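> Pasting in a structure now, in structure tokens, and then I'll have a few things to ask.
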Amino acid sequence: MKLVQINPVLRRSTSTGRIMEEIGDLMMTNGWECYAAYSKGRDGLISTRMNPIPVGNFLSTIIHGLNTRFFDRHGLASYMATKIFINKLKEIQPDIVHIHNIHGYFLNYKLLFEYLSKNNVKVVWTVHDCWLYTGHCYYYSAAGCYKWKTGCGNCPQRMRFPKSLMFDRSAQNYIDKKRAFTSMPHDNMVIVPVSQWMRDEMRESYLKDYPFRVIHNGIDTDIFSPQPVEEVKKKYGIAGYDKIILGLASLWFREKGLYDFIEMSKMLRPDEKIVMVGVDDKTRRLLPDNILTIRRTDNVQELAALYSAATAFVNPTWQDNYPTVNLEAQACGTPVVTYRTGGSPESLLPATGRIVEQGDVTGLLEAVREFAQMPHTELRDACRTHAMANFRKQDKYAEYIDLYNSILRR
């Protein structure tokens, strides 16, 4: 059996790249022949156990970016790169094509779906964000825009990813995406939202009549597990604080809760410390001195130790699907406090987390203080037990084996 996965990035340091790699690892263990199509212009030549299919090059990625920036036609450039990729698909003859993301400046979705729909290709599409059913944006919660239910236009997020500097083509993009994606026969495509929240949202999208199956993301619970914390506390000078409030993001901006942490820092007591991971120099200049900042790290052992050292992991996200950081924190024995945003609360139990309304920074801090009063061992064990029962990547990715087999039996 042959599987081709598609995603712009293949690096394991990215969430979607890691998921694609780990699904491939599992399928190869089960005897499948696996391929990974990705953007060569963004990732270069990547080492992978799967058979790599680099799509496009640096120049085609630049041209696609210009097409996006000036004409708001993201996903409609890369004509020749997509043609070459389709020829590769014809050569491989995959049993299943598994799409993760096709937005990423490397594929022409009209060409791709014309081929997939006309050639009886079985497709699984894992939905990591909202781009496939909107006319422009990849999230709309923070903007409070729901035009995608009927048709887009006058996009309030034209200047957000995928940013367009000149034109608003969101109305036409909506029509073009709908026509391309719904060209797939219903028996040949299964859509896999990674959260129940997104499944519920998509009930009102133009893809509502397709088969759906929710499969939550999984994590490596061997790496993300309770760790000794003395060394990491000493390294970052936080051993003297009773309450450590941890935040983590690959990029910090308003929707990730940057300004919520700034507001929280004004309310701290002397025994409380905010630690923010993933902070670059530009963001650091925006933050007050009483917030400890740590650059983005690929050292997962240290990251697990930071999770373990925290009183609570705080995720004040304003738009999200099913954040894996919430899973990682609980797997390390640390409770999570998050806003009632998208699928962010979905991984929590009353014993492992608290949910507060968006913008309630005081509520975030009160929840942390509540957890600080609970017996640490009991709290740690509750979080770890929940994680082992629900977040193990082996269990989550095994659900894809069942899904692939069910599709092939049709």
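Following the order of the structure tokens, chains are lettered A, B, ..., residues in each are numbered from 1, and ligands are numbered from 1.
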Can you list, as an mmCIF file with N, CA and C atoms, in the first residue's frame, every protein, DNA or RNA residue that comes within 12 Å of Leu207 in chain A when you count only C-alpha atoms, leaving out same-chain residues fewer than 4 positions away?


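Everything below was put into out.cif:
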```
data_model
loop_
_atom_site.group_PDB
_atom_site.id
_atom_site.type_symbol
_atom_site.label_atom_id
_atom_site.label_comp_id
_atom_site.auth_asym_id
_atom_site.auth_seq_id
_atom_site.Cartn_x
_atom_site.Cartn_y
_atom_site.Cartn_z
ATOM 1 N N TRP A 125 -8.099 14.458 4.538
ATOM 2 C CA TRP A 125 -7.648 15.840 4.738
ATOM 3 C C TRP A 125 -7.732 16.173 6.228
ATOM 4 N N VAL A 127 -7.548 18.665 9.123
ATOM 5 C CA VAL A 127 -7.790 20.111 9.184
ATOM 6 C C VAL A 127 -7.102 20.683 10.418
ATOM 7 N N CYS A 130 -8.416 26.860 9.611
ATOM 8 C CA CYS A 130 -9.687 27.116 8.937
ATOM 9 C C CYS A 130 -9.550 27.550 7.477
ATOM 10 N N LEU A 132 -9.136 26.207 4.612
ATOM 11 C CA LEU A 132 -9.769 25.494 3.498
ATOM 12 C C LEU A 132 -11.233 25.856 3.310
ATOM 13 N N TYR A 133 -11.884 26.509 4.284
ATOM 14 C CA TYR A 133 -13.284 26.863 4.072
ATOM 15 C C TYR A 133 -13.568 28.360 4.237
ATOM 16 N N THR A 134 -12.520 29.185 4.193
ATOM 17 C CA THR A 134 -12.723 30.636 4.189
ATOM 18 C C THR A 134 -12.169 31.216 2.890
ATOM 19 N N TRP A 148 -17.718 33.301 6.211
ATOM 20 C CA TRP A 148 -17.465 32.039 5.523
ATOM 21 C C TRP A 148 -18.687 31.119 5.485
ATOM 22 N N LYS A 149 -19.679 31.392 6.320
ATOM 23 C CA LYS A 149 -20.870 30.547 6.321
ATOM 24 C C LYS A 149 -21.696 30.734 5.052
ATOM 25 N N LYS A 177 -12.346 28.155 -4.043
ATOM 26 C CA LYS A 177 -12.080 27.039 -3.123
ATOM 27 C C LYS A 177 -13.273 26.090 -3.070
ATOM 28 N N LYS A 178 -14.451 26.655 -2.944
ATOM 29 C CA LYS A 178 -15.655 25.815 -2.879
ATOM 30 C C LYS A 178 -15.766 24.934 -4.114
ATOM 31 N N ARG A 179 -15.552 25.525 -5.277
ATOM 32 C CA ARG A 179 -15.664 24.758 -6.526
ATOM 33 C C ARG A 179 -14.608 23.660 -6.583
ATOM 34 N N ALA A 180 -13.376 23.988 -6.193
ATOM 35 C CA ALA A 180 -12.288 23.006 -6.275
ATOM 36 C C ALA A 180 -12.464 21.891 -5.263
ATOM 37 N N PHE A 181 -12.703 22.243 -4.006
ATOM 38 C CA PHE A 181 -12.704 21.233 -2.952
ATOM 39 C C PHE A 181 -13.952 20.357 -2.990
ATOM 40 N N THR A 182 -15.086 20.928 -3.378
ATOM 41 C CA THR A 182 -16.304 20.116 -3.452
ATOM 42 C C THR A 182 -16.405 19.349 -4.768
ATOM 43 N N SER A 183 -15.395 19.465 -5.625
ATOM 44 C CA SER A 183 -15.365 18.625 -6.833
ATOM 45 C C SER A 183 -15.049 17.171 -6.492
ATOM 46 N N MET A 184 -14.509 16.944 -5.293
ATOM 47 C CA MET A 184 -14.184 15.569 -4.884
ATOM 48 C C MET A 184 -15.456 14.767 -4.656
ATOM 49 N N PRO A 185 -15.571 13.559 -5.215
ATOM 50 C CA PRO A 185 -16.713 12.698 -4.901
ATOM 51 C C PRO A 185 -16.772 12.436 -3.398
ATOM 52 N N HIS A 186 -17.956 12.435 -2.847
ATOM 53 C CA HIS A 186 -18.102 12.304 -1.398
ATOM 54 C C HIS A 186 -17.546 10.990 -0.862
ATOM 55 N N MET A 189 -13.390 11.260 -0.200
ATOM 56 C CA MET A 189 -12.673 12.170 0.689
ATOM 57 C C MET A 189 -13.289 12.154 2.087
ATOM 58 N N VAL A 190 -12.431 11.983 3.076
ATOM 59 C CA VAL A 190 -12.834 12.080 4.484
ATOM 60 C C VAL A 190 -12.076 13.244 5.101
ATOM 61 N N ILE A 191 -12.799 14.107 5.782
ATOM 62 C CA ILE A 191 -12.211 15.275 6.423
ATOM 63 C C ILE A 191 -12.002 14.975 7.899
ATOM 64 N N VAL A 192 -10.796 15.281 8.393
ATOM 65 C CA VAL A 192 -10.418 14.936 9.764
ATOM 66 C C VAL A 192 -10.082 16.208 10.541
ATOM 67 N N PRO A 193 -11.063 16.840 11.179
ATOM 68 C CA PRO A 193 -10.745 17.950 12.077
ATOM 69 C C PRO A 193 -9.999 17.410 13.302
ATOM 70 N N ARG A 199 -14.992 20.563 14.030
ATOM 71 C CA ARG A 199 -16.034 19.747 13.397
ATOM 72 C C ARG A 199 -17.373 20.467 13.479
ATOM 73 N N ASP A 200 -17.679 21.035 14.636
ATOM 74 C CA ASP A 200 -18.949 21.741 14.802
ATOM 75 C C ASP A 200 -19.009 22.976 13.904
ATOM 76 N N GLU A 201 -17.885 23.694 13.781
ATOM 77 C CA GLU A 201 -17.846 24.852 12.894
ATOM 78 C C GLU A 201 -18.108 24.439 11.452
ATOM 79 N N MET A 202 -17.491 23.352 11.033
ATOM 80 C CA MET A 202 -17.570 22.960 9.624
ATOM 81 C C MET A 202 -18.935 22.398 9.241
ATOM 82 N N ARG A 203 -19.798 22.166 10.225
ATOM 83 C CA ARG A 203 -21.173 21.784 9.907
ATOM 84 C C ARG A 203 -21.895 22.887 9.139
ATOM 85 N N PRO A 211 -17.979 13.144 4.569
ATOM 86 C CA PRO A 211 -17.764 12.364 5.788
ATOM 87 C C PRO A 211 -16.689 13.021 6.658
ATOM 88 N N PHE A 212 -16.926 13.022 7.966
ATOM 89 C CA PHE A 212 -15.987 13.591 8.926
ATOM 90 C C PHE A 212 -15.600 12.545 9.962
#
```

> Just the residues within 12 Å of range 285-287 of chain A, please, counting only C-alpha atoms, with nothing from its chain fewer than 4 positions along; format it as an mmCIF file with all heavy atoms, in the first residue's frame.


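Written out: part36.cif:
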```
data_model
loop_
_atom_site.group_PDB
_atom_site.id
_atom_site.type_symbol
_atom_site.label_atom_id
_atom_site.label_comp_id
_atom_site.auth_asym_id
_atom_site.auth_seq_id
_atom_site.Cartn_x
_atom_site.Cartn_y
_atom_site.Cartn_z
ATOM 1 N N TRP A 252 5.044 35.062 19.305
ATOM 2 C CA TRP A 252 4.148 35.763 20.227
ATOM 3 C C TRP A 252 3.522 36.971 19.524
ATOM 4 O O TRP A 252 4.216 37.810 18.960
ATOM 5 C CB TRP A 252 4.908 36.224 21.464
ATOM 6 C CG TRP A 252 5.168 35.120 22.441
ATOM 7 C CD1 TRP A 252 6.342 34.451 22.652
ATOM 8 C CD2 TRP A 252 4.223 34.549 23.341
ATOM 9 N NE1 TRP A 252 6.189 33.490 23.622
ATOM 10 C CE2 TRP A 252 4.896 33.528 24.077
ATOM 11 C CE3 TRP A 252 2.879 34.780 23.623
ATOM 12 C CZ2 TRP A 252 4.262 32.761 25.047
ATOM 13 C CZ3 TRP A 252 2.246 34.016 24.591
ATOM 14 C CH2 TRP A 252 2.942 33.024 25.291
ATOM 15 N N PHE A 253 2.198 37.041 19.574
ATOM 16 C CA PHE A 253 1.469 38.197 19.066
ATOM 17 C C PHE A 253 0.146 38.262 19.823
ATOM 18 O O PHE A 253 -0.101 37.464 20.732
ATOM 19 C CB PHE A 253 1.260 38.121 17.545
ATOM 20 C CG PHE A 253 0.829 36.775 17.038
ATOM 21 C CD1 PHE A 253 -0.500 36.437 16.936
ATOM 22 C CD2 PHE A 253 1.784 35.826 16.636
ATOM 23 C CE1 PHE A 253 -0.903 35.196 16.467
ATOM 24 C CE2 PHE A 253 1.398 34.582 16.162
ATOM 25 C CZ PHE A 253 0.056 34.272 16.081
ATOM 26 N N ARG A 254 -0.676 39.237 19.484
ATOM 27 C CA ARG A 254 -1.886 39.484 20.269
ATOM 28 C C ARG A 254 -2.743 38.231 20.422
ATOM 29 O O ARG A 254 -3.193 37.896 21.518
ATOM 30 C CB ARG A 254 -2.721 40.592 19.610
ATOM 31 C CG ARG A 254 -4.045 40.836 20.349
ATOM 32 C CD ARG A 254 -4.987 41.759 19.568
ATOM 33 N NE ARG A 254 -6.264 41.873 20.240
ATOM 34 C CZ ARG A 254 -7.284 41.027 20.083
ATOM 35 N NH1 ARG A 254 -7.137 39.979 19.265
ATOM 36 N NH2 ARG A 254 -8.414 41.181 20.729
ATOM 37 N N LEU A 258 -0.122 37.672 24.002
ATOM 38 C CA LEU A 258 1.028 38.483 24.397
ATOM 39 C C LEU A 258 0.626 39.594 25.357
ATOM 40 O O LEU A 258 1.226 39.752 26.440
ATOM 41 C CB LEU A 258 1.677 39.089 23.150
ATOM 42 C CG LEU A 258 2.782 40.120 23.389
ATOM 43 C CD1 LEU A 258 3.962 39.492 24.118
ATOM 44 C CD2 LEU A 258 3.236 40.731 22.060
ATOM 45 N N TYR A 259 -0.401 40.355 25.007
ATOM 46 C CA TYR A 259 -0.779 41.496 25.833
ATOM 47 C C TYR A 259 -1.515 41.064 27.094
ATOM 48 O O TYR A 259 -1.536 41.800 28.088
ATOM 49 C CB TYR A 259 -1.597 42.480 25.003
ATOM 50 C CG TYR A 259 -0.771 43.061 23.879
ATOM 51 C CD1 TYR A 259 -0.944 42.621 22.566
ATOM 52 C CD2 TYR A 259 0.221 44.003 24.131
ATOM 53 C CE1 TYR A 259 -0.162 43.122 21.536
ATOM 54 C CE2 TYR A 259 1.008 44.506 23.105
ATOM 55 C CZ TYR A 259 0.812 44.062 21.817
ATOM 56 O OH TYR A 259 1.606 44.545 20.806
ATOM 57 N N ASP A 260 -2.076 39.869 27.094
ATOM 58 C CA ASP A 260 -2.696 39.331 28.302
ATOM 59 C C ASP A 260 -1.634 39.034 29.360
ATOM 60 O O ASP A 260 -1.839 39.286 30.549
ATOM 61 C CB ASP A 260 -3.484 38.066 27.960
ATOM 62 C CG ASP A 260 -4.531 38.315 26.893
ATOM 63 O OD1 ASP A 260 -4.171 38.392 25.701
ATOM 64 O OD2 ASP A 260 -5.702 38.446 27.250
ATOM 65 N N PHE A 261 -0.473 38.507 28.910
ATOM 66 C CA PHE A 261 0.621 38.285 29.856
ATOM 67 C C PHE A 261 1.167 39.606 30.386
ATOM 68 O O PHE A 261 1.536 39.711 31.563
ATOM 69 C CB PHE A 261 1.738 37.472 29.202
ATOM 70 C CG PHE A 261 1.539 35.987 29.289
ATOM 71 C CD1 PHE A 261 1.306 35.228 28.145
ATOM 72 C CD2 PHE A 261 1.583 35.341 30.512
ATOM 73 C CE1 PHE A 261 1.118 33.855 28.230
ATOM 74 C CE2 PHE A 261 1.401 33.969 30.604
ATOM 75 C CZ PHE A 261 1.163 33.229 29.457
ATOM 76 N N ILE A 262 1.222 40.616 29.542
ATOM 77 C CA ILE A 262 1.677 41.933 30.010
ATOM 78 C C ILE A 262 0.738 42.465 31.087
ATOM 79 O O ILE A 262 1.183 42.984 32.125
ATOM 80 C CB ILE A 262 1.782 42.916 28.828
ATOM 81 C CG1 ILE A 262 2.907 42.481 27.881
ATOM 82 C CG2 ILE A 262 2.029 44.339 29.330
ATOM 83 C CD1 ILE A 262 3.003 43.304 26.602
ATOM 84 N N GLU A 263 -0.574 42.321 30.862
ATOM 85 C CA GLU A 263 -1.539 42.761 31.875
ATOM 86 C C GLU A 263 -1.404 41.952 33.162
ATOM 87 O O GLU A 263 -1.477 42.486 34.269
ATOM 88 C CB GLU A 263 -2.959 42.644 31.323
ATOM 89 C CG GLU A 263 -3.325 43.703 30.307
ATOM 90 C CD GLU A 263 -3.182 45.112 30.889
ATOM 91 O OE1 GLU A 263 -3.747 45.372 31.979
ATOM 92 O OE2 GLU A 263 -2.486 45.926 30.269
ATOM 93 N N MET A 264 -1.194 40.645 33.023
ATOM 94 C CA MET A 264 -1.056 39.792 34.202
ATOM 95 C C MET A 264 0.170 40.181 35.025
ATOM 96 O O MET A 264 0.160 40.103 36.261
ATOM 97 C CB MET A 264 -0.967 38.322 33.780
ATOM 98 C CG MET A 264 -1.089 37.340 34.940
ATOM 99 S SD MET A 264 -0.741 35.626 34.459
ATOM 100 C CE MET A 264 -1.905 35.402 33.127
ATOM 101 N N SER A 265 1.227 40.597 34.338
ATOM 102 C CA SER A 265 2.464 40.937 35.048
ATOM 103 C C SER A 265 2.265 42.097 36.019
ATOM 104 O O SER A 265 3.012 42.232 36.992
ATOM 105 C CB SER A 265 3.566 41.288 34.040
ATOM 106 O OG SER A 265 3.320 42.540 33.421
ATOM 107 N N LYS A 266 1.250 42.928 35.767
ATOM 108 C CA LYS A 266 0.965 44.060 36.658
ATOM 109 C C LYS A 266 0.291 43.626 37.953
ATOM 110 O O LYS A 266 0.209 44.405 38.900
ATOM 111 C CB LYS A 266 0.078 45.072 35.928
ATOM 112 C CG LYS A 266 0.671 45.616 34.642
ATOM 113 C CD LYS A 266 -0.335 46.474 33.886
ATOM 114 C CE LYS A 266 0.211 46.945 32.545
ATOM 115 N NZ LYS A 266 -0.802 47.733 31.770
ATOM 116 N N ILE A 274 6.239 35.070 35.970
ATOM 117 C CA ILE A 274 5.837 34.650 34.624
ATOM 118 C C ILE A 274 7.084 34.291 33.833
ATOM 119 O O ILE A 274 8.065 35.040 33.821
ATOM 120 C CB ILE A 274 5.068 35.768 33.895
ATOM 121 C CG1 ILE A 274 3.732 36.041 34.590
ATOM 122 C CG2 ILE A 274 4.840 35.393 32.423
ATOM 123 C CD1 ILE A 274 2.982 37.231 34.003
ATOM 124 N N VAL A 275 7.044 33.121 33.183
ATOM 125 C CA VAL A 275 8.125 32.673 32.298
ATOM 126 C C VAL A 275 7.518 32.467 30.917
ATOM 127 O O VAL A 275 6.606 31.657 30.748
ATOM 128 C CB VAL A 275 8.767 31.363 32.794
ATOM 129 C CG1 VAL A 275 9.847 30.907 31.829
ATOM 130 C CG2 VAL A 275 9.328 31.534 34.200
ATOM 131 N N MET A 276 8.016 33.211 29.924
ATOM 132 C CA MET A 276 7.509 33.093 28.556
ATOM 133 C C MET A 276 8.597 32.519 27.654
ATOM 134 O O MET A 276 9.701 33.064 27.575
ATOM 135 C CB MET A 276 7.043 34.453 28.029
ATOM 136 C CG MET A 276 5.810 34.981 28.758
ATOM 137 S SD MET A 276 5.315 36.656 28.223
ATOM 138 C CE MET A 276 4.901 36.364 26.496
ATOM 139 N N VAL A 279 10.324 33.767 22.921
ATOM 140 C CA VAL A 279 10.335 35.230 22.778
ATOM 141 C C VAL A 279 11.560 35.664 21.973
ATOM 142 O O VAL A 279 12.704 35.369 22.361
ATOM 143 C CB VAL A 279 10.342 35.907 24.158
ATOM 144 C CG1 VAL A 279 10.376 37.426 24.006
ATOM 145 C CG2 VAL A 279 9.114 35.485 24.972
ATOM 146 N N ASP A 280 11.328 36.372 20.871
ATOM 147 C CA ASP A 280 12.444 36.917 20.100
ATOM 148 C C ASP A 280 12.794 38.313 20.616
ATOM 149 O O ASP A 280 12.142 38.856 21.506
ATOM 150 C CB ASP A 280 12.123 36.940 18.606
ATOM 151 C CG ASP A 280 10.875 37.763 18.270
ATOM 152 O OD1 ASP A 280 10.452 38.598 19.102
ATOM 153 O OD2 ASP A 280 10.319 37.568 17.174
ATOM 154 N N ASP A 281 13.835 38.917 20.040
ATOM 155 C CA ASP A 281 14.320 40.208 20.531
ATOM 156 C C ASP A 281 13.281 41.307 20.373
ATOM 157 O O ASP A 281 13.131 42.168 21.253
ATOM 158 C CB ASP A 281 15.602 40.596 19.788
ATOM 159 C CG ASP A 281 16.780 39.708 20.163
ATOM 160 O OD1 ASP A 281 16.741 39.097 21.247
ATOM 161 O OD2 ASP A 281 17.737 39.618 19.359
ATOM 162 N N ILE A 291 8.928 39.884 33.721
ATOM 163 C CA ILE A 291 8.655 38.650 32.964
ATOM 164 C C ILE A 291 9.984 38.069 32.506
ATOM 165 O O ILE A 291 10.778 38.756 31.862
ATOM 166 C CB ILE A 291 7.744 38.911 31.748
ATOM 167 C CG1 ILE A 291 6.335 39.328 32.203
ATOM 168 C CG2 ILE A 291 7.659 37.666 30.865
ATOM 169 C CD1 ILE A 291 5.382 39.613 31.048
ATOM 170 N N LEU A 292 10.230 36.807 32.852
ATOM 171 C CA LEU A 292 11.429 36.113 32.380
ATOM 172 C C LEU A 292 11.161 35.598 30.973
ATOM 173 O O LEU A 292 10.163 34.908 30.735
ATOM 174 C CB LEU A 292 11.771 34.947 33.304
ATOM 175 C CG LEU A 292 12.886 34.007 32.823
ATOM 176 C CD1 LEU A 292 14.222 34.737 32.780
ATOM 177 C CD2 LEU A 292 12.968 32.765 33.710
ATOM 178 N N THR A 293 12.048 35.930 30.034
ATOM 179 C CA THR A 293 11.870 35.493 28.649
ATOM 180 C C THR A 293 12.944 34.487 28.264
ATOM 181 O O THR A 293 14.107 34.608 28.654
ATOM 182 C CB THR A 293 11.926 36.687 27.680
ATOM 183 O OG1 THR A 293 13.204 37.315 27.770
ATOM 184 C CG2 THR A 293 10.834 37.697 28.010
#
```

> If you run DSSP on this backbone, which residues of range 130-369 of chain A come out as alpha helix (DSSP H), and could you give them as a ChimeraX atom specification?

/A:170-181,196-202,230-236,258-265,281-284,300-309,324-331,361-369

> Would you return as a PyMOL selection string the members of range 61-302 of chain A that DSSP assigns to strand (DSSP E) on this structure's backbone?

chain A and resi 96-99+123-127+189-193+243-248+272-277+291-294

> Could you please determine the separation between CA of Ile215 in chain A and CA of Met28 in chain A in Å, to one decimal place?

19.9 Å

> Quick one: residues within 6 Å of Tyr339 in chain A, only C-alpha atoms, excluding same-chain residues fewer than 4 positions away - as a list in words?

Pro316, Ile355, Val356, Glu357 and Gln358 of chain A

> Generate a file of the selected residues that holds N, CA and C atoms, formatted as a tab-separated table (two decimals), in the first residue's frame.


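Below is the file that was written, again.tsv:
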```tsv
chain	number	residue	atom	x	y	z
A	316	PRO	N	-3.44	31.86	27.07
A	316	PRO	CA	-4.50	32.85	26.82
A	316	PRO	C	-4.73	33.10	25.34
A	355	ILE	N	-10.94	26.82	32.69
A	355	ILE	CA	-11.32	27.56	31.51
A	355	ILE	C	-11.93	28.87	31.95
A	356	VAL	N	-11.40	29.98	31.44
A	356	VAL	CA	-11.96	31.29	31.77
A	356	VAL	C	-12.34	32.00	30.48
A	357	GLU	N	-13.16	33.02	30.60
A	357	GLU	CA	-13.64	33.72	29.41
A	357	GLU	C	-12.52	34.58	28.82
A	358	GLN	N	-12.60	34.78	27.52
A	358	GLN	CA	-11.57	35.56	26.83
A	358	GLN	C	-11.44	36.96	27.44
```

> If we count only C-alpha atoms, what is near Ala310 in chain A at a cut-off of 6 Å, once residues fewer than 3 positions away on the same chain are taken out, given as a VMD selection string?

chain A and resid 244 to 246 307
